[in-house]
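The file structure10.cif comes next; it holds mmCIF, C-alpha atoms.
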```
data_data
#
loop_
_atom_site.group_PDB
_atom_site.id
_atom_site.type_symbol
_atom_site.label_atom_id
_atom_site.label_comp_id
_atom_site.auth_asym_id
_atom_site.auth_seq_id
_atom_site.Cartn_x
_atom_site.Cartn_y
_atom_site.Cartn_z
ATOM 1 C CA MET A 1 -2.725 2.335 58.864
ATOM 2 C CA THR A 2 -3.177 0.467 55.605
ATOM 3 C CA ASP A 3 -0.944 -2.558 55.247
ATOM 4 C CA PRO A 4 1.609 -1.901 52.448
ATOM 5 C CA LEU A 5 1.039 -5.364 50.967
ATOM 6 C CA ASP A 6 -2.714 -4.786 50.828
ATOM 7 C CA MET A 7 -2.206 -1.382 49.214
ATOM 8 C CA ARG A 8 0.156 -2.802 46.597
ATOM 9 C CA SER A 9 -2.321 -5.568 45.830
ATOM 10 C CA ALA A 10 -5.146 -3.035 45.455
ATOM 11 C CA VAL A 11 -3.052 -0.849 43.140
ATOM 12 C CA ALA A 12 -2.035 -3.859 41.053
ATOM 13 C CA GLU A 13 -5.691 -4.883 40.719
ATOM 14 C CA TYR A 14 -6.619 -1.318 39.752
ATOM 15 C CA VAL A 15 -3.944 -1.125 37.034
ATOM 16 C CA THR A 16 -4.944 -4.522 35.664
ATOM 17 C CA ALA A 17 -8.597 -3.455 35.500
ATOM 18 C CA LEU A 18 -7.627 -0.192 33.792
ATOM 19 C CA HIS A 19 -5.607 -2.039 31.166
ATOM 20 C CA ARG A 20 -8.304 -4.677 30.676
ATOM 21 C CA ALA A 21 -10.903 -1.982 29.979
ATOM 22 C CA TYR A 22 -8.511 -0.205 27.622
ATOM 23 C CA LEU A 23 -7.925 -3.412 25.653
ATOM 24 C CA ALA A 24 -11.650 -4.208 25.520
ATOM 25 C CA GLN A 25 -12.388 -0.745 24.140
ATOM 26 C CA ALA A 26 -9.480 -0.995 21.685
ATOM 27 C CA ASP A 27 -10.920 -4.254 20.312
ATOM 28 C CA THR A 28 -13.920 -2.281 19.002
ATOM 29 C CA PHE A 29 -11.685 -0.182 16.723
ATOM 30 C CA PRO A 30 -10.206 -1.042 13.307
ATOM 31 C CA PRO A 31 -6.760 -2.707 13.394
ATOM 32 C CA ALA A 32 -4.919 0.359 12.095
ATOM 33 C CA VAL A 33 -6.469 2.544 14.810
ATOM 34 C CA ARG A 34 -5.511 0.018 17.485
ATOM 35 C CA GLY A 35 -1.992 -0.039 16.083
ATOM 36 C CA ARG A 36 -1.636 3.706 16.656
ATOM 37 C CA MET A 37 -2.904 3.699 20.241
ATOM 38 C CA PRO A 38 -0.003 4.586 22.565
ATOM 39 C CA LEU A 39 -0.605 1.891 25.163
ATOM 40 C CA LEU A 40 -0.447 -0.789 22.458
ATOM 41 C CA ASP A 41 2.909 0.285 21.026
ATOM 42 C CA ASP A 42 5.801 -2.154 21.094
ATOM 43 C CA GLY A 43 8.421 -2.008 23.816
ATOM 44 C CA PRO A 44 8.585 -2.501 27.592
ATOM 45 C CA LEU A 45 5.925 -0.695 29.610
ATOM 46 C CA THR A 46 6.409 0.363 33.215
ATOM 47 C CA VAL A 47 3.655 1.739 35.431
ATOM 48 C CA ALA A 48 4.958 3.808 38.335
ATOM 49 C CA ALA A 49 2.637 3.962 41.340
ATOM 50 C CA VAL A 50 3.674 7.078 43.220
ATOM 51 C CA GLY A 51 2.385 7.719 46.712
ATOM 52 C CA ALA A 52 2.393 11.399 47.621
ATOM 53 C CA ARG A 53 -0.657 13.180 49.059
ATOM 54 C CA ASN A 54 -2.397 11.658 46.047
ATOM 55 C CA LEU A 55 -1.762 8.304 44.373
ATOM 56 C CA HIS A 56 -0.327 8.872 40.893
ATOM 57 C CA LEU A 57 -0.137 6.189 38.213
ATOM 58 C CA LEU A 58 2.256 6.968 35.368
ATOM 59 C CA ALA A 59 2.756 4.567 32.455
ATOM 60 C CA THR A 60 5.993 5.086 30.564
ATOM 61 C CA ARG A 61 8.262 3.348 28.090
ATOM 62 C CA GLU A 62 11.331 5.000 29.580
ATOM 63 C CA GLY A 63 13.615 2.723 31.545
ATOM 64 C CA LEU A 64 13.651 3.239 35.314
ATOM 65 C CA GLY A 65 16.777 1.180 35.891
ATOM 66 C CA PRO A 66 17.190 -1.808 38.182
ATOM 67 C CA LEU A 67 15.439 -1.985 41.535
ATOM 68 C CA ARG A 68 17.382 -0.320 44.335
ATOM 69 C CA GLY A 69 16.987 -0.225 48.097
ATOM 70 C CA GLN A 70 13.363 -0.598 49.123
ATOM 71 C CA GLU A 71 11.925 -0.393 45.606
ATOM 72 C CA VAL A 72 9.309 -3.039 44.796
ATOM 73 C CA ALA A 73 8.066 -4.232 41.389
ATOM 74 C CA LEU A 74 5.178 -6.509 40.418
ATOM 75 C CA PRO A 75 4.725 -8.001 36.923
ATOM 76 C CA GLY A 76 1.395 -7.630 35.142
ATOM 77 C CA THR A 77 0.094 -9.284 32.006
ATOM 78 C CA LEU A 78 -3.016 -9.488 29.863
ATOM 79 C CA PRO A 79 -3.368 -10.879 26.330
ATOM 80 C CA GLY A 80 -1.664 -8.274 24.166
ATOM 81 C CA LEU A 81 -0.126 -6.206 26.977
ATOM 82 C CA ASP A 82 2.639 -6.787 29.549
ATOM 83 C CA TRP A 83 3.903 -4.326 32.124
ATOM 84 C CA SER A 84 5.913 -3.924 35.306
ATOM 85 C CA LEU A 85 4.312 -2.088 38.229
ATOM 86 C CA ARG A 86 6.805 -0.239 40.432
ATOM 87 C CA PHE A 87 6.098 1.562 43.678
ATOM 88 C CA TYR A 88 7.544 4.880 44.867
ATOM 89 C CA ASP A 89 6.975 6.926 47.997
ATOM 90 C CA PRO A 90 8.999 9.470 50.009
ATOM 91 C CA VAL A 91 10.994 6.654 51.622
ATOM 92 C CA VAL A 92 12.112 5.308 48.229
ATOM 93 C CA THR A 93 12.286 8.720 46.516
ATOM 94 C CA PRO A 94 12.809 11.440 49.161
ATOM 95 C CA SER A 95 11.961 14.325 46.809
ATOM 96 C CA LEU A 96 8.352 13.131 46.786
ATOM 97 C CA GLY A 97 8.099 14.210 50.411
ATOM 98 C CA LEU A 98 8.646 17.833 49.377
ATOM 99 C CA LEU A 99 5.687 18.002 47.007
ATOM 100 C CA ASP A 100 2.816 20.321 47.895
ATOM 101 C CA GLU A 101 -0.489 18.819 46.751
ATOM 102 C CA ARG A 102 -2.783 20.752 49.063
ATOM 103 C CA GLU A 103 -4.307 22.583 46.092
ATOM 104 C CA GLY A 104 -4.455 19.557 43.796
ATOM 105 C CA PRO A 105 -2.359 16.809 42.186
ATOM 106 C CA ALA A 106 1.177 17.942 41.272
ATOM 107 C CA TYR A 107 1.345 16.180 37.913
ATOM 108 C CA GLY A 108 4.458 17.881 36.611
ATOM 109 C CA GLU A 109 6.336 17.709 39.894
ATOM 110 C CA VAL A 110 5.675 13.978 40.321
ATOM 111 C CA LYS A 111 6.874 13.329 36.794
ATOM 112 C CA HIS A 112 10.006 15.377 37.472
ATOM 113 C CA ALA A 113 10.679 13.579 40.771
ATOM 114 C CA LEU A 114 10.948 10.309 38.846
ATOM 115 C CA GLY A 115 13.090 11.915 36.156
ATOM 116 C CA LEU A 116 10.524 11.084 33.471
ATOM 117 C CA THR A 117 10.188 13.143 30.316
ATOM 118 C CA THR A 118 7.489 11.097 28.553
ATOM 119 C CA VAL A 119 4.406 9.207 29.713
ATOM 120 C CA VAL A 120 1.743 7.124 27.996
ATOM 121 C CA TYR A 121 -0.784 8.085 30.650
ATOM 122 C CA HIS A 122 -0.792 9.830 34.010
ATOM 123 C CA VAL A 123 -3.876 9.403 36.174
ATOM 124 C CA VAL A 124 -4.620 10.023 39.830
ATOM 125 C CA ALA A 125 -6.569 7.519 41.916
ATOM 126 C CA GLN A 126 -7.925 7.993 45.415
ATOM 127 C CA PRO A 127 -7.544 5.175 47.964
ATOM 128 C CA GLY A 128 -10.874 3.728 49.042
ATOM 129 C CA SER A 129 -13.837 4.137 46.723
ATOM 130 C CA GLY A 130 -11.614 5.629 44.016
ATOM 131 C CA LEU A 131 -9.265 2.629 43.951
ATOM 132 C CA THR A 132 -11.647 -0.041 42.733
ATOM 133 C CA PRO A 133 -11.739 -2.156 39.565
ATOM 134 C CA HIS A 134 -15.067 -0.528 38.688
ATOM 135 C CA HIS A 135 -13.550 2.951 38.761
ATOM 136 C CA ALA A 136 -10.471 1.697 36.903
ATOM 137 C CA GLY A 137 -12.719 0.321 34.170
ATOM 138 C CA HIS A 138 -14.189 3.760 33.539
ATOM 139 C CA VAL A 139 -10.727 5.309 33.458
ATOM 140 C CA GLY A 140 -9.378 2.672 31.064
ATOM 141 C CA SER A 141 -12.339 2.954 28.676
ATOM 142 C CA GLY A 142 -12.121 6.737 28.670
ATOM 143 C CA LEU A 143 -8.393 6.640 28.059
ATOM 144 C CA ALA A 144 -8.840 4.266 25.112
ATOM 145 C CA ALA A 145 -11.566 6.472 23.623
ATOM 146 C CA GLN A 146 -9.312 9.502 23.981
ATOM 147 C CA HIS A 147 -6.347 7.727 22.382
ATOM 148 C CA SER A 148 -8.406 6.338 19.495
ATOM 149 C CA SER A 149 -9.978 9.728 18.799
ATOM 150 C CA ALA A 150 -6.526 11.282 18.657
ATOM 151 C CA ALA A 151 -5.336 8.534 16.284
ATOM 152 C CA ARG A 152 -8.227 9.194 13.892
ATOM 153 C CA ASP A 153 -7.676 12.951 14.070
ATOM 154 C CA PHE A 154 -3.976 12.653 13.310
ATOM 155 C CA GLU A 155 -4.666 10.357 10.370
ATOM 156 C CA THR A 156 -7.133 12.893 8.951
ATOM 157 C CA ILE A 157 -4.686 15.756 9.429
ATOM 158 C CA ARG A 158 -1.853 13.818 7.828
ATOM 159 C CA ALA A 159 -3.934 13.041 4.753
ATOM 160 C CA ARG A 160 -4.659 16.728 4.196
ATOM 161 C CA VAL A 161 -1.282 18.415 4.649
ATOM 162 C CA ARG A 162 0.693 17.246 1.657
ATOM 163 C CA GLY A 163 4.387 17.890 2.014
ATOM 164 C CA ARG A 164 4.109 18.188 5.793
ATOM 165 C CA GLU A 165 3.476 14.539 6.629
ATOM 166 C CA ALA A 166 6.794 14.251 8.474
ATOM 167 C CA LEU A 167 5.757 17.076 10.795
ATOM 168 C CA VAL A 168 2.506 15.263 11.567
ATOM 169 C CA ASP A 169 4.455 12.083 12.306
ATOM 170 C CA GLU A 170 6.589 14.068 14.766
ATOM 171 C CA LEU A 171 3.410 15.509 16.277
ATOM 172 C CA VAL A 172 2.040 12.009 16.803
ATOM 173 C CA GLY A 173 5.273 11.057 18.554
ATOM 174 C CA ALA A 174 5.130 14.140 20.771
ATOM 175 C CA ALA A 175 1.496 13.382 21.652
ATOM 176 C CA SER A 176 2.293 9.757 22.506
ATOM 177 C CA ALA A 177 5.173 10.924 24.667
ATOM 178 C CA GLY A 178 3.070 13.512 26.510
ATOM 179 C CA LEU A 179 5.014 16.601 25.378
ATOM 180 C CA PRO A 180 2.461 19.443 25.088
ATOM 181 C CA ARG A 181 4.889 22.247 24.224
ATOM 182 C CA ALA A 182 6.491 20.176 21.494
ATOM 183 C CA GLN A 183 2.992 19.572 20.126
ATOM 184 C CA ALA A 184 2.358 23.320 20.172
ATOM 185 C CA LEU A 185 5.502 24.059 18.172
ATOM 186 C CA LEU A 186 4.780 21.333 15.629
ATOM 187 C CA ALA A 187 1.176 22.440 15.196
ATOM 188 C CA ARG A 188 2.370 25.972 14.451
ATOM 189 C CA ALA A 189 4.768 24.547 11.867
ATOM 190 C CA ILE A 190 2.023 22.475 10.229
ATOM 191 C CA ALA A 191 -0.484 25.354 10.081
ATOM 192 C CA PRO A 192 1.616 28.524 10.411
ATOM 193 C CA HIS A 193 -1.096 30.933 9.242
ATOM 194 C CA ASN A 194 -4.132 29.601 11.122
ATOM 195 C CA ALA A 195 -5.372 31.828 13.948
ATOM 196 C CA GLY A 196 -7.088 29.007 15.824
ATOM 197 C CA VAL A 197 -3.959 26.877 15.862
ATOM 198 C CA ALA A 198 -1.874 29.888 16.928
ATOM 199 C CA ALA A 199 -4.215 30.637 19.829
ATOM 200 C CA ALA A 200 -4.156 27.030 21.046
ATOM 201 C CA ALA A 201 -0.394 26.712 20.639
ATOM 202 C CA ASP A 202 0.406 30.015 22.323
ATOM 203 C CA ALA A 203 -1.565 29.295 25.505
ATOM 204 C CA ALA A 204 0.444 29.651 28.704
ATOM 205 C CA THR A 205 -0.191 25.967 29.370
ATOM 206 C CA PRO A 206 -0.812 24.305 25.989
ATOM 207 C CA ASP A 207 -3.572 21.706 26.051
ATOM 208 C CA PRO A 208 -2.874 18.816 23.631
ATOM 209 C CA ASP A 209 -6.548 18.122 22.929
ATOM 210 C CA THR A 210 -7.240 21.784 22.162
ATOM 211 C CA ILE A 211 -4.206 21.943 19.875
ATOM 212 C CA ARG A 212 -5.233 18.793 18.008
ATOM 213 C CA ARG A 213 -8.822 19.952 17.569
ATOM 214 C CA ALA A 214 -7.682 23.354 16.305
ATOM 215 C CA LEU A 215 -5.299 21.727 13.856
ATOM 216 C CA LEU A 216 -8.016 19.328 12.684
ATOM 217 C CA GLU A 217 -10.399 22.234 12.181
ATOM 218 C CA SER A 218 -7.759 24.095 10.196
ATOM 219 C CA VAL A 219 -7.773 21.303 7.611
ATOM 220 C CA GLY A 220 -11.549 20.956 7.421
ATOM 221 C CA GLY A 221 -12.447 18.780 10.389
ATOM 222 C CA ARG A 222 -13.706 15.215 10.058
ATOM 223 C CA ARG A 223 -16.468 16.048 7.594
ATOM 224 C CA ASP A 224 -16.024 15.440 3.890
ATOM 225 C CA TRP A 225 -13.451 17.914 2.658
ATOM 226 C CA THR A 226 -12.005 19.049 -0.635
ATOM 227 C CA PRO A 227 -8.722 20.983 -0.729
ATOM 228 C CA LYS A 228 -8.717 24.438 -2.252
ATOM 229 C CA ALA A 229 -7.575 24.667 -5.854
ATOM 230 C CA PRO A 230 -3.994 25.918 -6.265
ATOM 231 C CA GLY A 231 -3.633 29.659 -6.881
#
```
As structure tokens, please, write out the structure in this file.
Amino acid sequence: MTDPLDMRSAVAEYVTALHRAYLAQADTFPPAVRGRMPLLDDGPLTVAAVGARNLHLLATREGLGPLRGQEVALPGTLPGLDWSLRFYDPVVTPSLGLLDEREGPAYGEVKHALGLTTVVYHVVAQPGSGLTPHHAGHVGSGLAAQHSSAARDFETIRARVRGREALVDELVGAASAGLPRAQALLARAIAPHNAGVAAAADAATPDPDTIRRALLESVGGRRDWTPKAPG
């Protein structure tokens, strides 16, 4: 059986490597893009390491309250980013023991077990070869690329929907908070007559990336674009 202290140390090293790669990738972007990347927002950041059948890592800016019982927390810091790493398993949070992950990671159920409504990221790591700094580096770089792409897309959309900027700002907030159905509703409000946006928003399980791409396409994509003349 893996020693709990060794496992916590490995998870802490993994999270640090993930964040280091994210920051390194973010440094290649313009300042305004970095400023809109969710992991670089102001405010306390907590990373919950949740041990079920899979190991879930959820970063959130929601408060998880003071430590209770057998809960454990480890501080983490890098230049430009501080966080607290907290550990949960069925002993600390009994509802985790009821999760069925035989068919795959139970993302929504894990989030619900912690009482979280918003996350900055939610990734699954596998102990062993999947829980290494090298693997974490790939995850962190990919996450930063995804976040920066979204930031550029939202900025483009906002510039092209005059009078609806506030809706785009709400959409950015919903995306940062990890609320796909809220993003679907806001996208429909921003582009109420676009078939592509409607199809993406009305999916049984709305995909944020698909919604954002459809909305971006509805306003002309990233290519040079000129709005239609009135009337």
Selection dump of the PyMOL selection byres ((chain A and resi 92) around 12), as a CSV table (one decimal) with C-alpha atoms, keeping the file's coordinate frame:
```
chain,number,residue,atom,x,y,z
A,49,ALA,CA,2.6,4.0,41.3
A,50,VAL,CA,3.7,7.1,43.2
A,51,GLY,CA,2.4,7.7,46.7
A,52,ALA,CA,2.4,11.4,47.6
A,67,LEU,CA,15.4,-2.0,41.5
A,68,ARG,CA,17.4,-0.3,44.3
A,69,GLY,CA,17.0,-0.2,48.1
A,70,GLN,CA,13.4,-0.6,49.1
A,71,GLU,CA,11.9,-0.4,45.6
A,72,VAL,CA,9.3,-3.0,44.8
A,86,ARG,CA,6.8,-0.2,40.4
A,87,PHE,CA,6.1,1.6,43.7
A,88,TYR,CA,7.5,4.9,44.9
A,89,ASP,CA,7.0,6.9,48.0
A,90,PRO,CA,9.0,9.5,50.0
A,91,VAL,CA,11.0,6.7,51.6
A,93,THR,CA,12.3,8.7,46.5
A,94,PRO,CA,12.8,11.4,49.2
A,95,SER,CA,12.0,14.3,46.8
A,96,LEU,CA,8.4,13.1,46.8
A,97,GLY,CA,8.1,14.2,50.4
A,113,ALA,CA,10.7,13.6,40.8
A,114,LEU,CA,10.9,10.3,38.8
```
Determine, counting all atoms listed in the file, which protein, DNA and RNA residues have an atom within 12 Å of an atom of Leu5 (chain A); residues of the same chain fewer than 3 positions away are not included. Present the result as a PDB file with C-alpha atoms, in the coordinates of the input.
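Just written: out.pdb:
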```pdb
ATOM      1  CA  MET A   1      -2.725   2.335  58.864  1.00  0.00           C
ATOM      2  CA  THR A   2      -3.177   0.467  55.605  1.00  0.00           C
ATOM      3  CA  ARG A   8       0.156  -2.802  46.597  1.00  0.00           C
ATOM      4  CA  SER A   9      -2.321  -5.568  45.830  1.00  0.00           C
ATOM      5  CA  ALA A  10      -5.146  -3.035  45.455  1.00  0.00           C
ATOM      6  CA  VAL A  11      -3.052  -0.849  43.140  1.00  0.00           C
ATOM      7  CA  ALA A  12      -2.035  -3.859  41.053  1.00  0.00           C
ATOM      8  CA  VAL A  72       9.309  -3.039  44.796  1.00  0.00           C
ATOM      9  CA  ALA A  73       8.066  -4.232  41.389  1.00  0.00           C
ATOM     10  CA  LEU A  74       5.178  -6.509  40.418  1.00  0.00           C
ATOM     11  CA  PHE A  87       6.098   1.562  43.678  1.00  0.00           C
TER      12      PHE A  87
END
```
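Within the file as shown, the PyMOL selection byres ((chain A and resi 125) around 9) identifies Asn54, Leu55, His56, Leu57, Val123, Val124, Gln126, Pro127, Gly130, Leu131, His135 and Ala136 of chain A.
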> So what does the PyMOL selection byres ((chain A and resi 19-24) around 10) actually pick up in this one, as a PyMOL selection string?
Replying inline: chain A and resi 13-18+25-29+34+39-40+76-83+133-134+136-145+147
> What residues have an atom no more than 10 Å from (2.5, 18.1, 7.2) in the file's own frame, counting all atoms listed in the file, and can you write them as a PyMOL selection string?
Replying inline: chain A and resi 157-171+186-187+189-191
Ala184 (chain A) environment, 7 Å, all atoms listed in the file, sequence neighbours closer than 5 positions dropped, as a PDB file with C-alpha atoms, in the frame of the given file:
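Here's the written file around_7.pdb:
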```
ATOM      1  CA  ALA A 201      -0.394  26.712  20.639  1.00  0.00           C
ATOM      2  CA  PRO A 206      -0.812  24.305  25.989  1.00  0.00           C
ATOM      3  CA  ILE A 211      -4.206  21.943  19.875  1.00  0.00           C
TER       4      ILE A 211
END
```
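Interatomic distance, CA of Ser176 (chain A) to CA of Pro38 (chain A): 5.7 Å.
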> Do you have the CA of Asp6 (chain A)-CA of Leu58 (chain A) distance handy?
Replying inline: 20.0 Å
>> Report, in Å to a single decimal, how far apart CA of Arg36 (chain A) and CA of Glu109 (chain A) are.
In response: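 About the pair CA of Glu109 (chain A) and CA of Arg36 (chain A): they are 28.3 Å apart.
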